[in-house]
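S.K.: Here you go, one structure.
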Amino acid sequence: MAIMLLGCETARAETDNNSEVMTLETAKKAVYTSIANSRSMDTFTDDGSAFDPQKFHPYSYYSKVFQVVADGEWTTEDGRVWSVKGLRISLLQFGNSTAGGFEYNLDVYFDGKNYILSGDYYSAAQWKYLYTDRGSHEIENPEWSVCKYLTISPQLLDD
């Protein structure tokens with residue numbers, strides 16, 4: 001069963017050879033920062049209709065929002081685009097990390113100005129229901145105009 005989050009749509013990361021090389025640590029920071037901001041209730045505009053990048057939290061904030069349950073498999077061909085498959089997180093507000101959460105499959109690259117993410121995620125109230133009609137939801141290719149948390153400024157990665 002596929003659903004859209006806030007009407008988000010875009011294509012997976014497509015880069016040219018001008019995108020910059022980054023380390024695995026930097027890729028993880030960008031992904032964790034993006035996820036934390038997408039799951040924080042205080043990153044919206046005052047009317048709650050959209051994300052407000054001025055309210056985004058830095059990388060160090062992610063540990064207040066979620067815990068990594070499974071690191072997933074991180075790969076890159078040239079250090080320009082990093083991909084993660086199977087990154088599992090559990091939101092801290094729901095307590096028990098063994099119960100369920102979100103699994104992400106994402107690409108991240110640096111365009112010279114910002115870190116750009118794309119991909120999809122699945123959620124399940126219990127991990128055993130992941131990828132089933134009973135508890136799994138997929139979001140494909142979020143759109144920046146709605147999902148501004150997919151564009152992360154380098155300043156947010158500072159500890």
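Please note that chains go A, B, ... in the order of the structure tokens, that every chain numbers its residues from 1, and that ligands are numbered from 1 in the order shown.
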I need the alpha helix (DSSP H) residues of stretch 32-154 of chain A per DSSP on the backbone, written as a list in words.
M.R.: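 Answer for stretch 32-154 of chain A restricted to alpha helix (DSSP H) is Tyr32, Thr33, Ser34, Ile35, Ala36, Asn37, Ser38, Arg39, Tyr62, Ser63, Lys64 and Val65 of chain A.
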S.K.: Write out as JSON, numbers by chain the residues lying within 9 Å of A:Lys85, counting only C-alpha atoms and excluding same-chain residues fewer than 3 positions away.
M.R.: {"A": [71, 72, 73, 74, 75, 103, 104, 105, 106, 107]}
S.K.: Would you export the selected residues with N, CA and C atoms as a short mmCIF file (atom, residue, chain, number, x, y, z; two decimals), in the first residue's frame, please?
M.R.:
```cif
data_model
loop_
_atom_site.label_atom_id
_atom_site.label_comp_id
_atom_site.auth_asym_id
_atom_site.auth_seq_id
_atom_site.Cartn_x
_atom_site.Cartn_y
_atom_site.Cartn_z
N ASP A 71 21.41 0.23 11.49
CA ASP A 71 22.18 1.21 10.72
C ASP A 71 21.92 1.13 9.22
N GLY A 72 21.40 0.01 8.75
CA GLY A 72 21.19 -0.16 7.32
C GLY A 72 22.49 -0.42 6.59
N GLU A 73 22.41 -0.51 5.29
CA GLU A 73 23.59 -0.72 4.46
C GLU A 73 23.89 0.56 3.68
N TRP A 74 25.05 1.14 3.94
CA TRP A 74 25.47 2.38 3.30
C TRP A 74 26.44 2.05 2.18
N THR A 75 26.19 2.61 1.00
CA THR A 75 27.07 2.36 -0.14
C THR A 75 27.26 3.64 -0.95
N GLU A 103 11.52 2.56 8.45
CA GLU A 103 12.68 2.07 7.71
C GLU A 103 12.85 2.95 6.48
N TYR A 104 14.07 3.47 6.29
CA TYR A 104 14.36 4.41 5.21
C TYR A 104 15.29 3.79 4.17
N ASN A 105 15.06 4.16 2.92
CA ASN A 105 15.94 3.86 1.79
C ASN A 105 16.16 5.19 1.10
N LEU A 106 17.34 5.76 1.27
CA LEU A 106 17.58 7.14 0.84
C LEU A 106 18.88 7.29 0.07
N ASP A 107 18.93 8.35 -0.72
CA ASP A 107 20.16 8.82 -1.36
C ASP A 107 20.42 10.21 -0.83
#
```
S.K.: With distances taken over only C-alpha atoms, which of A:Val69, A:Val84, A:Ile89, A:Leu156 is nearest to A:Arg39?
M.R.: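 Using only C-alpha atoms, A:Arg39 sits closest to A:Ile89.
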S.K.: Take atom CA of A:Val65 and atom CA of A:Asp52 and report the distance between them in Å, one decimal.
M.R.: 17.4 Å
S.K.: Pull the strand (DSSP E or B) assignments for stretch 11-100 of chain A out of DSSP run on the backbone, and list those residues as a VMD selection string.
M.R.: chain A and resid 20 44 51 66 to 70 73 to 76 81 to 91
S.K.: Report, in Å with one decimal, the straight-line distance from atom CA of A:Trp127 to atom CA of A:Phe102.
M.R.: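 It comes out at 8.8 Å.
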S.K.: Measuring atom to atom with only C-alpha atoms, identify which of A:Ala70, A:Gln155, A:Tyr149, A:Thr76 is nearest to A:Thr43.
M.R.: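 For A:Thr43, the nearest of the candidates is A:Tyr149.
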S.K.: Go through A:Val81, A:Ala124, A:Leu157, A:Ala36 and flag the residue nearest A:Tyr109, using only C-alpha atoms for the distances.
M.R.: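 Between A:Val81, A:Ala124, A:Leu157, A:Ala36, the residue approaching A:Tyr109 most closely is A:Val81.
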S.K.: Of the residues A:Phe44, A:Gly100, A:Leu24, A:Gly112, which is the one nearest to A:Glu77, using only C-alpha atoms?
M.R.: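 Of A:Phe44, A:Gly100, A:Leu24, A:Gly112, the one nearest A:Glu77, counting only C-alpha atoms, is A:Leu24.
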S.K.: Fewer than 6 positions away in the same chain doesn't count, so skip those; otherwise give me all residues within 12 Å of A:Met22, counting only C-alpha atoms, as a ChimeraX atom specification.
M.R.: /A:28-30,76-82,108-112,114-115,154
S.K.: Pick out the closest residue to A:Tyr121 from this set: A:Val68, A:Asp158, A:Arg88, A:Asn37. Count only C-alpha atoms.
M.R.: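 Of the candidates, the smallest distance to A:Tyr121 is held by A:Arg88.
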S.K.: List the neighbours of A:Gln93 out to 9 Å using only C-alpha atoms; skip same-chain residues closer than 2 positions along the sequence, and give me the result as a CSV table (one decimal) with N, CA and C atoms, in the first residue's frame.
M.R.:
```
chain,number,residue,atom,x,y,z
A,65,VAL,N,15.0,12.9,19.3
A,65,VAL,CA,13.8,12.6,18.5
A,65,VAL,C,13.7,11.1,18.2
A,66,PHE,N,14.8,10.5,17.9
A,66,PHE,CA,14.8,9.0,17.5
A,66,PHE,C,16.0,8.3,17.9
A,90,SER,N,13.4,4.3,15.5
A,90,SER,CA,12.2,4.3,16.4
A,90,SER,C,12.1,5.7,17.1
A,91,LEU,N,11.0,6.3,17.0
A,91,LEU,CA,10.8,7.6,17.6
A,91,LEU,C,10.8,7.4,19.1
A,95,GLY,N,8.6,5.1,22.8
A,95,GLY,CA,9.3,4.2,23.7
A,95,GLY,C,10.0,3.1,23.1
```
S.K.: Calculated over only C-alpha atoms, which of the candidates A:Thr151, A:Thr33, A:Thr26, A:Ser118 has the smallest distance to A:Ser60?
M.R.: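 When distances to A:Ser60 are compared using only C-alpha atoms, the smallest one comes from A:Thr33.
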S.K.: Rounded to one decimal place, report the atom CA of A:Ser83-atom CA of A:Met41 distance in Å.
M.R.: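 Distance reported for this atom pair: 26.6 Å.
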